[in-house]
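S.K.: Have a peek at run_29.cif (mmCIF, C-alpha atoms and all ligand atoms).
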data_final
#
loop_
_atom_site.label_atom_id
_atom_site.label_comp_id
_atom_site.auth_asym_id
_atom_site.auth_seq_id
_atom_site.Cartn_x
_atom_site.Cartn_y
_atom_site.Cartn_z
CA MET P 1 18.16 20.06 -6.92
CA LYS P 2 15.86 18.73 -4.17
CA LEU P 3 15.64 20.26 -0.71
CA TRP P 4 14.62 18.30 2.37
CA ILE P 5 13.95 19.53 5.88
CA VAL P 6 15.39 16.96 8.28
CA THR P 7 14.27 17.15 11.91
CA GLY P 8 16.53 15.79 14.66
CA GLY P 9 19.50 15.94 12.30
CA SER P 10 21.96 16.55 15.14
CA GLY P 11 21.22 13.23 16.85
CA PHE P 12 22.70 9.83 16.12
CA ILE P 13 20.82 8.60 13.05
CA GLY P 14 19.93 12.09 11.83
CA SER P 15 23.54 13.26 11.72
CA ASN P 16 24.63 10.12 9.88
CA PHE P 17 21.78 10.66 7.42
CA VAL P 18 22.56 14.34 6.82
CA ARG P 19 26.23 13.59 6.17
CA TYR P 20 25.33 10.65 3.93
CA MET P 21 22.95 12.77 1.84
CA ILE P 22 25.26 15.78 1.60
CA LYS P 23 28.09 13.51 0.45
CA PHE P 24 25.69 11.79 -1.95
CA GLY P 25 25.61 15.24 -3.45
CA ASP P 26 22.18 15.76 -4.97
CA VAL P 27 20.12 17.30 -2.19
CA ARG P 28 20.09 20.38 0.04
CA ILE P 29 19.32 19.79 3.70
CA VAL P 30 17.86 22.10 6.34
CA ASN P 31 18.33 20.54 9.77
CA LEU P 32 15.77 21.55 12.40
CA ASP P 33 16.90 20.37 15.83
CA LYS P 34 16.05 21.44 19.37
CA LEU P 35 19.52 20.39 20.56
CA THR P 36 18.50 18.24 23.52
CA TYR P 37 21.07 16.36 25.61
CA ALA P 38 21.19 13.75 22.80
CA ALA P 39 22.20 16.22 20.10
CA ASN P 40 25.75 17.13 19.29
CA LEU P 41 26.76 19.84 16.85
CA ASP P 42 30.22 18.25 16.72
CA SER P 43 28.65 15.31 14.88
CA LEU P 44 28.22 17.48 11.78
CA LYS P 45 31.30 19.68 12.21
CA ASP P 46 32.81 18.38 8.96
CA ILE P 47 29.86 19.57 6.85
CA ALA P 48 28.62 22.51 8.96
CA LYS P 49 29.80 25.03 6.37
CA HIS P 50 28.81 23.02 3.31
CA PRO P 51 26.79 25.18 0.89
CA TYR P 52 24.00 22.57 0.73
CA TYR P 53 23.58 22.40 4.53
CA SER P 54 21.76 24.76 6.92
CA PHE P 55 21.01 24.44 10.61
CA VAL P 56 18.03 25.88 12.48
CA LYS P 57 17.68 25.48 16.24
CA GLY P 58 14.05 24.82 17.11
CA ASP P 59 11.32 22.47 18.21
CA ILE P 60 9.15 20.35 15.92
CA GLY P 61 6.32 21.30 18.30
CA ASP P 62 6.65 24.97 17.35
CA ARG P 63 4.03 25.16 14.61
CA ALA P 64 4.72 28.79 13.73
CA LEU P 65 8.46 28.17 13.33
CA VAL P 66 7.92 25.07 11.18
CA THR P 67 5.39 26.95 9.04
CA ASP P 68 7.90 29.77 8.52
CA LEU P 69 10.58 27.26 7.51
CA LEU P 70 8.25 25.55 5.05
CA ARG P 71 7.33 28.91 3.47
CA GLU P 72 10.97 30.01 3.34
CA TYR P 73 12.48 26.84 1.89
CA HIS P 74 9.60 25.20 -0.06
CA PRO P 75 11.04 21.74 0.62
CA ASP P 76 10.39 18.68 -1.52
CA GLY P 77 10.03 16.71 1.67
CA VAL P 78 10.36 16.55 5.44
CA ILE P 79 12.05 13.63 7.19
CA ASN P 80 11.19 13.38 10.87
CA PHE P 81 13.95 11.89 13.03
CA ALA P 82 13.28 14.20 15.99
CA ALA P 83 12.30 12.26 19.09
CA GLU P 84 13.18 11.35 22.61
CA SER P 85 14.73 7.97 21.93
CA HIS P 86 16.00 6.24 25.07
CA VAL P 87 13.75 3.60 26.67
CA ASP P 88 15.29 3.85 30.17
CA ARG P 89 14.72 7.60 30.27
CA SER P 90 11.11 7.09 29.16
CA ILE P 91 10.61 4.81 32.16
CA ASP P 92 12.14 7.34 34.57
CA ARG P 93 10.40 10.39 33.12
CA PRO P 94 7.82 9.88 30.35
CA GLU P 95 6.73 13.54 30.03
CA ASP P 96 9.31 14.60 27.44
CA PHE P 97 8.41 11.56 25.32
CA ILE P 98 4.75 12.53 25.19
CA GLN P 99 5.69 16.16 24.56
CA THR P 100 8.02 15.59 21.63
CA ASN P 101 7.05 12.23 20.18
CA VAL P 102 3.28 12.66 20.39
CA LEU P 103 2.47 16.38 20.64
CA GLY P 104 5.55 17.48 18.70
CA THR P 105 4.76 15.13 15.82
CA PHE P 106 1.15 16.38 15.88
CA GLU P 107 2.24 20.02 15.63
CA LEU P 108 4.69 19.15 12.87
CA LEU P 109 1.95 17.36 10.93
CA GLU P 110 -0.41 20.30 11.37
CA ALA P 111 2.21 22.77 10.13
CA ILE P 112 2.92 20.57 7.11
CA ARG P 113 -0.77 20.02 6.36
CA GLY P 114 -1.46 23.76 6.46
CA TYR P 115 1.45 24.50 4.14
CA TRP P 116 0.86 21.57 1.78
CA ASN P 117 -2.84 22.40 1.35
CA GLY P 118 -1.97 25.80 -0.02
CA GLN P 119 0.43 24.52 -2.70
CA LYS P 120 -0.16 23.94 -6.41
CA THR P 121 -1.07 20.44 -7.58
CA ASP P 122 2.33 19.40 -8.94
CA MET P 123 4.08 20.46 -5.73
CA LYS P 124 1.43 18.68 -3.66
CA ASP P 125 1.91 15.51 -5.71
CA ASN P 126 5.69 15.52 -5.38
CA PHE P 127 5.90 16.41 -1.68
CA ARG P 128 6.80 13.66 0.86
CA PHE P 129 6.66 13.41 4.64
CA LEU P 130 8.72 10.51 5.95
CA HIS P 131 8.30 9.56 9.60
CA VAL P 132 11.16 7.56 11.11
CA SER P 133 9.91 5.01 13.62
CA THR P 134 10.93 1.88 15.42
CA ASP P 135 10.23 -1.85 15.58
CA GLU P 136 9.48 -1.42 19.31
CA VAL P 137 5.92 -0.36 18.44
CA TYR P 138 5.17 -4.04 17.69
CA GLY P 139 5.94 -5.10 21.26
CA SER P 140 7.87 -8.24 22.09
CA LEU P 141 8.35 -11.57 20.28
CA GLY P 142 8.70 -15.00 21.83
CA ASP P 143 11.37 -17.45 20.69
CA ASP P 144 10.29 -17.42 17.04
CA GLY P 145 8.56 -15.28 14.41
CA PHE P 146 9.31 -11.86 12.96
CA PHE P 147 7.66 -8.43 12.91
CA THR P 148 6.07 -7.71 9.52
CA GLU P 149 4.28 -4.53 8.44
CA ASN P 150 1.02 -6.31 9.36
CA THR P 151 1.99 -7.16 12.94
CA PRO P 152 -0.47 -5.41 15.29
CA TYR P 153 0.96 -2.60 17.40
CA ALA P 154 1.54 -3.59 21.06
CA PRO P 155 3.99 -1.09 22.58
CA ASN P 156 5.25 -1.87 26.09
CA SER P 157 7.34 1.12 27.21
CA PRO P 158 6.41 4.81 27.41
CA TYR P 159 8.93 5.33 24.59
CA SER P 160 7.38 2.77 22.26
CA ALA P 161 3.86 3.88 23.19
CA SER P 162 4.76 7.47 22.27
CA LYS P 163 6.28 6.34 18.96
CA ALA P 164 3.21 4.19 18.25
CA ALA P 165 0.97 7.22 18.87
CA SER P 166 3.00 9.29 16.42
CA ASP P 167 2.87 6.50 13.80
CA HIS P 168 -0.92 6.40 14.14
CA LEU P 169 -1.16 10.17 13.67
CA VAL P 170 0.92 9.93 10.50
CA ARG P 171 -1.30 7.14 9.23
CA ALA P 172 -4.42 9.19 10.01
CA TYR P 173 -3.08 12.25 8.16
CA TYR P 174 -2.62 10.13 5.05
CA HIS P 175 -6.06 8.55 5.20
CA THR P 176 -7.98 11.62 6.35
CA TYR P 177 -6.23 14.50 4.61
CA GLY P 178 -4.35 12.75 1.83
CA LEU P 179 -1.01 14.04 3.15
CA PRO P 180 1.70 12.16 1.22
CA THR P 181 3.27 10.22 4.08
CA LEU P 182 5.64 7.29 4.45
CA THR P 183 6.64 5.52 7.67
CA THR P 184 9.68 3.35 8.38
CA ASN P 185 10.00 0.99 11.36
CA CYS P 186 13.60 0.09 11.98
CA SER P 187 15.38 -2.24 14.37
CA ASN P 188 18.22 -1.27 16.76
CA ASN P 189 20.83 0.92 15.08
CA TYR P 190 24.49 1.10 15.98
CA GLY P 191 27.51 2.91 14.54
CA PRO P 192 29.43 6.20 14.80
CA PHE P 193 28.01 9.20 16.71
CA GLN P 194 25.61 7.21 18.93
CA PHE P 195 25.13 8.81 22.31
CA PRO P 196 26.80 6.68 24.99
CA GLU P 197 23.64 5.87 26.91
CA LYS P 198 22.73 3.13 24.40
CA LEU P 199 24.06 -0.40 24.83
CA ILE P 200 26.98 -0.57 22.38
CA PRO P 201 28.67 2.84 22.92
CA LEU P 202 28.05 2.63 26.67
CA MET P 203 29.84 -0.72 26.79
CA ILE P 204 32.75 0.52 24.69
CA LEU P 205 33.33 3.64 26.79
CA ASN P 206 32.78 1.95 30.16
CA ALA P 207 35.21 -0.78 29.14
CA LEU P 208 37.89 1.74 28.20
CA ASP P 209 37.36 3.56 31.51
CA TYR P 210 37.66 0.26 33.45
CA LYS P 211 34.10 0.69 34.70
CA PRO P 212 31.52 -2.11 35.12
CA LEU P 213 29.61 -3.25 32.00
CA PRO P 214 25.99 -3.41 33.26
CA VAL P 215 23.98 -6.17 31.56
CA TYR P 216 20.27 -6.05 32.43
CA GLY P 217 18.74 -9.25 33.85
CA ASP P 218 20.39 -12.38 32.45
CA GLY P 219 21.50 -10.75 29.19
CA GLN P 220 19.34 -13.10 27.09
CA ASN P 221 17.05 -10.43 25.63
CA ILE P 222 17.48 -10.29 21.88
CA ARG P 223 17.78 -7.26 19.60
CA ASP P 224 18.08 -7.18 15.79
CA TRP P 225 21.01 -4.90 14.92
CA LEU P 226 21.44 -2.69 11.86
CA TYR P 227 24.45 -0.55 10.97
CA VAL P 228 23.32 3.07 10.90
CA LEU P 229 24.42 3.78 7.31
CA ASP P 230 22.33 0.84 6.09
CA HIS P 231 19.38 2.53 7.80
CA CYS P 232 20.26 5.84 6.10
CA GLU P 233 20.28 4.21 2.68
CA ALA P 234 16.93 2.56 3.43
CA ILE P 235 15.41 5.95 4.31
CA ARG P 236 16.76 7.49 1.10
CA THR P 237 15.27 4.57 -0.83
CA VAL P 238 11.86 4.92 0.83
CA ILE P 239 11.56 8.68 0.40
CA GLU P 240 12.55 8.40 -3.25
CA HIS P 241 10.65 5.25 -4.24
CA GLY P 242 8.22 4.30 -1.45
CA GLN P 243 4.51 4.08 -2.09
CA LEU P 244 2.48 6.78 -0.36
CA GLY P 245 0.65 5.78 2.82
CA GLU P 246 2.79 2.63 3.18
CA THR P 247 5.00 1.54 6.05
CA TYR P 248 8.32 -0.26 5.57
CA ASN P 249 10.14 -2.45 8.09
CA ILE P 250 13.92 -2.07 8.05
CA GLY P 251 16.30 -4.59 9.60
CA GLY P 252 19.44 -6.55 8.89
CA LYS P 253 18.60 -10.06 10.17
CA ASN P 254 21.25 -9.70 12.87
CA GLU P 255 19.64 -11.11 15.98
CA LYS P 256 21.95 -11.19 18.99
CA SER P 257 21.40 -11.57 22.70
CA ASN P 258 22.64 -8.59 24.70
CA LEU P 259 25.28 -10.75 26.32
CA GLU P 260 26.58 -11.84 22.92
CA VAL P 261 26.81 -8.19 21.88
CA VAL P 262 28.75 -7.28 25.02
CA TYR P 263 31.08 -10.28 24.54
CA ASN P 264 31.67 -9.18 20.92
CA VAL P 265 32.50 -5.62 22.03
CA CYS P 266 34.90 -6.93 24.69
CA ASP P 267 36.62 -9.29 22.27
CA LEU P 268 37.15 -6.53 19.69
CA LEU P 269 38.57 -4.23 22.35
CA ASP P 270 40.84 -7.03 23.61
CA GLU P 271 42.22 -7.23 20.07
CA MET P 272 42.37 -3.51 19.20
CA TYR P 273 43.10 -1.90 22.57
CA PRO P 274 44.17 -4.52 25.14
CA ARG P 275 43.70 -3.77 28.83
CA LYS P 276 46.82 -2.30 30.39
CA ASN P 277 46.73 -4.71 33.31
CA GLY P 278 46.03 -7.79 31.13
CA GLY P 279 42.97 -10.02 31.09
CA SER P 280 39.83 -9.53 29.04
CA TYR P 281 37.33 -6.69 29.17
CA ARG P 282 34.77 -9.48 29.73
CA GLN P 283 35.89 -9.43 33.37
CA GLN P 284 34.15 -6.07 33.77
CA ILE P 285 30.68 -7.49 32.96
CA VAL P 286 28.18 -7.28 35.81
CA PHE P 287 24.57 -8.45 35.76
CA VAL P 288 22.25 -5.77 37.14
CA LYS P 289 18.56 -5.36 37.89
CA ASP P 290 16.42 -5.89 34.80
CA ARG P 291 14.70 -3.03 32.92
CA PRO P 292 11.00 -2.92 33.93
CA GLY P 293 8.81 -4.39 31.18
CA HIS P 294 11.95 -5.40 29.25
CA ASP P 295 10.89 -6.67 25.80
CA LEU P 296 12.32 -10.15 25.27
CA ARG P 297 13.01 -10.26 21.57
CA TYR P 298 12.82 -8.07 18.46
CA ALA P 299 13.29 -9.46 14.94
CA ILE P 300 12.41 -7.66 11.73
CA ASP P 301 11.14 -9.16 8.50
CA SER P 302 12.31 -6.64 5.89
CA THR P 303 11.12 -8.63 2.85
CA LYS P 304 8.85 -5.77 1.70
CA ILE P 305 11.53 -3.08 1.33
CA GLN P 306 13.97 -5.65 -0.09
CA THR P 307 11.66 -7.05 -2.76
CA LEU P 308 9.62 -3.94 -3.68
CA LEU P 309 12.31 -1.26 -3.38
CA GLY P 310 15.51 -3.26 -3.83
CA TRP P 311 17.20 -2.16 -0.58
CA LYS P 312 19.49 -4.53 1.25
CA PRO P 313 22.00 -3.99 4.05
CA GLN P 314 25.69 -3.81 3.16
CA GLU P 315 27.18 -4.56 6.59
CA THR P 316 27.05 -7.75 8.63
CA PHE P 317 27.05 -7.34 12.41
CA GLU P 318 30.70 -8.41 12.47
CA THR P 319 31.89 -5.82 9.91
CA GLY P 320 29.67 -3.06 11.31
CA LEU P 321 30.68 -3.65 14.92
CA ARG P 322 34.38 -3.64 14.02
CA LYS P 323 33.96 -0.27 12.27
CA THR P 324 32.00 1.04 15.26
CA VAL P 325 34.55 0.03 17.90
CA GLN P 326 37.30 1.49 15.72
CA TRP P 327 35.38 4.76 15.39
CA TYR P 328 34.93 5.14 19.17
CA LEU P 329 38.62 4.39 19.71
CA LEU P 330 39.58 7.10 17.23
CA ASN P 331 37.06 9.68 18.45
CA ARG P 332 37.58 9.92 22.19
CA GLU P 333 37.28 13.70 22.05
CA TRP P 334 33.74 13.44 20.58
CA CYS P 335 32.88 10.97 23.34
CA GLN P 336 34.30 13.24 26.01
CA ARG P 337 32.33 16.23 24.78
CA ALA P 338 29.15 14.19 24.31
CA THR P 339 29.26 13.07 27.91
CA ASP P 340 30.47 16.35 29.45
CA GLY P 341 27.87 17.79 31.78
CA SER P 342 24.83 15.90 32.94
CA TYR P 343 23.52 13.58 30.27
CA ARG P 344 21.73 11.66 33.02
CA TRP P 345 19.10 13.44 35.07
P1 LIG O 401 18.78 10.60 19.22
O1 LIG O 401 18.19 10.66 20.58
O2 LIG O 401 20.23 10.30 19.04
O3 LIG O 401 18.52 12.00 18.47
C1 LIG O 401 17.29 12.67 18.52
C2 LIG O 401 17.50 14.08 17.96
O4 LIG O 401 16.22 14.73 17.96
C3 LIG O 401 18.43 14.94 18.82
O5 LIG O 401 19.31 15.65 17.98
C4 LIG O 401 17.48 15.89 19.54
O6 LIG O 401 18.05 17.15 19.85
C5 LIG O 401 16.36 16.04 18.52
N1 LIG O 401 15.09 16.42 19.13
C6 LIG O 401 14.51 15.88 20.24
N2 LIG O 401 13.36 16.50 20.50
C7 LIG O 401 13.20 17.45 19.53
C8 LIG O 401 12.19 18.40 19.25
N3 LIG O 401 11.11 18.52 20.03
N4 LIG O 401 12.33 19.20 18.17
C9 LIG O 401 13.43 19.10 17.39
N5 LIG O 401 14.42 18.22 17.62
C10 LIG O 401 14.31 17.41 18.67
O7 LIG O 401 17.87 9.58 18.41
P2 LIG O 401 18.28 8.54 17.26
O8 LIG O 401 18.76 7.29 17.88
O9 LIG O 401 19.11 9.25 16.25
O10 LIG O 401 16.83 8.24 16.65
C11 LIG O 401 16.31 9.05 15.60
C12 LIG O 401 14.91 8.56 15.26
O11 LIG O 401 14.96 7.21 14.85
C13 LIG O 401 13.94 8.60 16.43
O12 LIG O 401 12.68 8.98 15.95
C14 LIG O 401 13.90 7.16 16.94
O13 LIG O 401 12.66 6.87 17.53
C15 LIG O 401 14.09 6.41 15.64
N6 LIG O 401 14.74 5.09 15.76
C16 LIG O 401 15.91 4.94 16.45
C17 LIG O 401 16.51 3.69 16.50
C18 LIG O 401 17.82 3.48 17.22
O14 LIG O 401 18.24 2.33 17.36
N7 LIG O 401 18.49 4.51 17.67
C19 LIG O 401 15.91 2.61 15.86
C20 LIG O 401 14.72 2.80 15.17
C21 LIG O 401 14.15 4.06 15.11
O1 LIG O 402 23.33 -0.61 30.13
C1 LIG O 402 22.55 -1.30 29.42
N1 LIG O 402 22.50 -2.65 29.64
C2 LIG O 402 21.65 -3.47 28.94
O2 LIG O 402 21.62 -4.68 29.19
C3 LIG O 402 21.73 -0.73 28.40
C4 LIG O 402 21.77 0.75 28.11
C5 LIG O 402 20.91 -1.57 27.69
N2 LIG O 402 20.84 -2.90 27.96
C6 LIG O 402 19.95 -3.76 27.17
C7 LIG O 402 18.53 -3.28 27.06
C8 LIG O 402 18.12 -3.73 25.67
O3 LIG O 402 17.63 -5.06 25.72
O4 LIG O 402 20.46 -3.75 25.83
C9 LIG O 402 19.42 -3.71 24.87
C10 LIG O 402 19.58 -2.48 24.02
O5 LIG O 402 19.30 -1.36 24.84
P1 LIG O 402 19.30 0.15 24.27
O6 LIG O 402 20.61 0.42 23.62
O7 LIG O 402 18.83 1.04 25.36
O8 LIG O 402 18.22 0.04 23.08
P2 LIG O 402 16.69 -0.42 23.05
O9 LIG O 402 16.05 -0.26 24.37
O10 LIG O 402 16.63 -1.79 22.43
O11 LIG O 402 16.09 0.69 22.03
C11 LIG O 402 16.87 1.11 20.89
O12 LIG O 402 16.43 0.47 19.72
C12 LIG O 402 15.19 0.84 19.20
C13 LIG O 402 16.80 2.62 20.72
O13 LIG O 402 17.21 3.24 21.93
C14 LIG O 402 15.42 3.06 20.33
O14 LIG O 402 15.39 4.46 20.08
C15 LIG O 402 15.03 2.33 19.08
O15 LIG O 402 13.71 2.66 18.73
#
Using structure tokens, write down the structure from this file.

M.R.:
Amino acid sequence: MKLWIVTGGSGFIGSNFVRYMIKFGDVRIVNLDKLTYAANLDSLKDIAKHPYYSFVKGDIGDRALVTDLLREYHPDGVINFAAESHVDRSIDRPEDFIQTNVLGTFELLEAIRGYWNGQKTDMKDNFRFLHVSTDEVYGSLGDDGFFTENTPYAPNSPYSASKAASDHLVRAYYHTYGLPTLTTNCSNNYGPFQFPEKLIPLMILNALDYKPLPVYGDGQNIRDWLYVLDHCEAIRTVIEHGQLGETYNIGGKNEKSNLEVVYNVCDLLDEMYPRKNGGSYRQQIVFVKDRPGHDLRYAIDSTKIQTLLGWKPQETFETGLRKTVQWYLLNREWCQRATDGSYRW
């Protein structure tokens, strides 16, 4: 049976991935997570005691700790989800983004390189390091066109710049040292267990609390949405079948303006959990000051992973969003605990 070290497995995508893989049933997972504000141990409560799952609290930037873990577990691969992930926070305070996304990824790579170098040939050949990245590294699109794997990097926020730096380090470790790496660049994810600072869960929870729904600028910025479990399946596909040194774009061809997304959330809530005082949740929408340097449009061309590796998304935006709204309605306690304390600085 394979064993993978997953970093950042207590965050949104990481926790969905860990659960997905444990339920898939053919892999052991060691989750290394620093437990920042964005992490939530509750997200993996249902599998916390599973015999194939272990949790280690720690930082990807702690080279000695990562080296010890590699020597203890002899993993078949490492999947790096760990990052600071919220663009607005990166604008307010970029330091943590440089620390974890750039320096942390560097330390992680160094630990893995040191360990991998000392292994026998067959282990070296079978080992994989998969780095989970974002479409935001490509910058912003105009009204047409798509990001492909050949689109030049042009990051615009401290977050995307830090992710771009980490992607470049991963690329360099493949070309310079032969480390068996893979990189995925995915569009906006949504689904269960997403921390309510991101657009969709923030809108759901604010709506239910009768708070304003803050839409940045005119709400016409476009994002390309992918249901989180479709992303998880894409990552499994890439680590198992991807070609070393390659990058793979992942997206579901679900372009929506932010305002459309917020309207869709409101309409689903109107249907599933009508406002007590009548009227639509749309009445709570307010247009607020735009995000500085706000990228206009993201759109992913995922032809490469679809044609070469046979992955395709299972959810449309409509089916995925319905499941997501339903999940937040049924999991108010998770939401309460996720937002207890000071998740904003
Ligand atoms: P998240 O913020 O929900 O979770 C990040 C996790 O990483 C948390 O559990 C946190 O505790 C952990 N972490 C942070 N710093 C760490 C460190 N130094 N050492 C160990 N653990 C640390 O993020 P997410 O939305 O689940 O994103 C996961 C990855 O996917 C990130 O690399 C992100 O850039 C990428 N990504 C996210 C999206 C998206 O829409 N959310 C889209 C594309 C790519
Ligand atoms: O209150 C809000 N109002 C609003 O209009 C928030 C939180 C966001 N927005 C807008 C900004 C974006 O155009 O909605 C869009 C989505 O915003 P976020 O949920 O913050 O996501 P985004 O900035 O697009 O980045 C996300 O997708 C790519 C993730 O946070 C990244 O980690 C990932 O790499």

S.K.: Within 12 Å of P:His168, counting only C-alpha atoms, which residues qualify if same-chain residues fewer than 6 places away don't, as a list in words?

M.R.: Asn101, Val102, Thr105, Phe106, Leu109, His131, Ser133, Val137, Pro152, Tyr153, Ala161, Ser162, Tyr174, His175, Thr176, Thr181, Leu182, Thr183, Gly245 and Thr247 of chain P

S.K.: From the list P:Arg337, P:Lys163, P:Lys120, P:His74, which residue is nearest P:Val132 when using only C-alpha atoms?

M.R.: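 The closest residue to P:Val132 is P:Lys163.
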
S.K.: For P:Arg19, find every residue with an atom within 10 Å (counting only C-alpha atoms), except residues of its own chain fewer than 6 positions away, and show them as a VMD selection string.

M.R.: chain P and resid 9 25 29 43 to 48 53 232

S.K.: Taking into account all atoms listed in the file, which residue in the set P:Asp26, P:Asp33, P:Glu197, P:Asp290 is nearest to P:Gly58?

M.R.: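 Using all atoms listed in the file, the shortest distance to P:Gly58 belongs to P:Asp33.
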
S.K.: Please report the interatomic distance between atom CA of P:Leu3 and atom CA of P:Thr36 in Å with one decimal.

M.R.: 24.5 Å
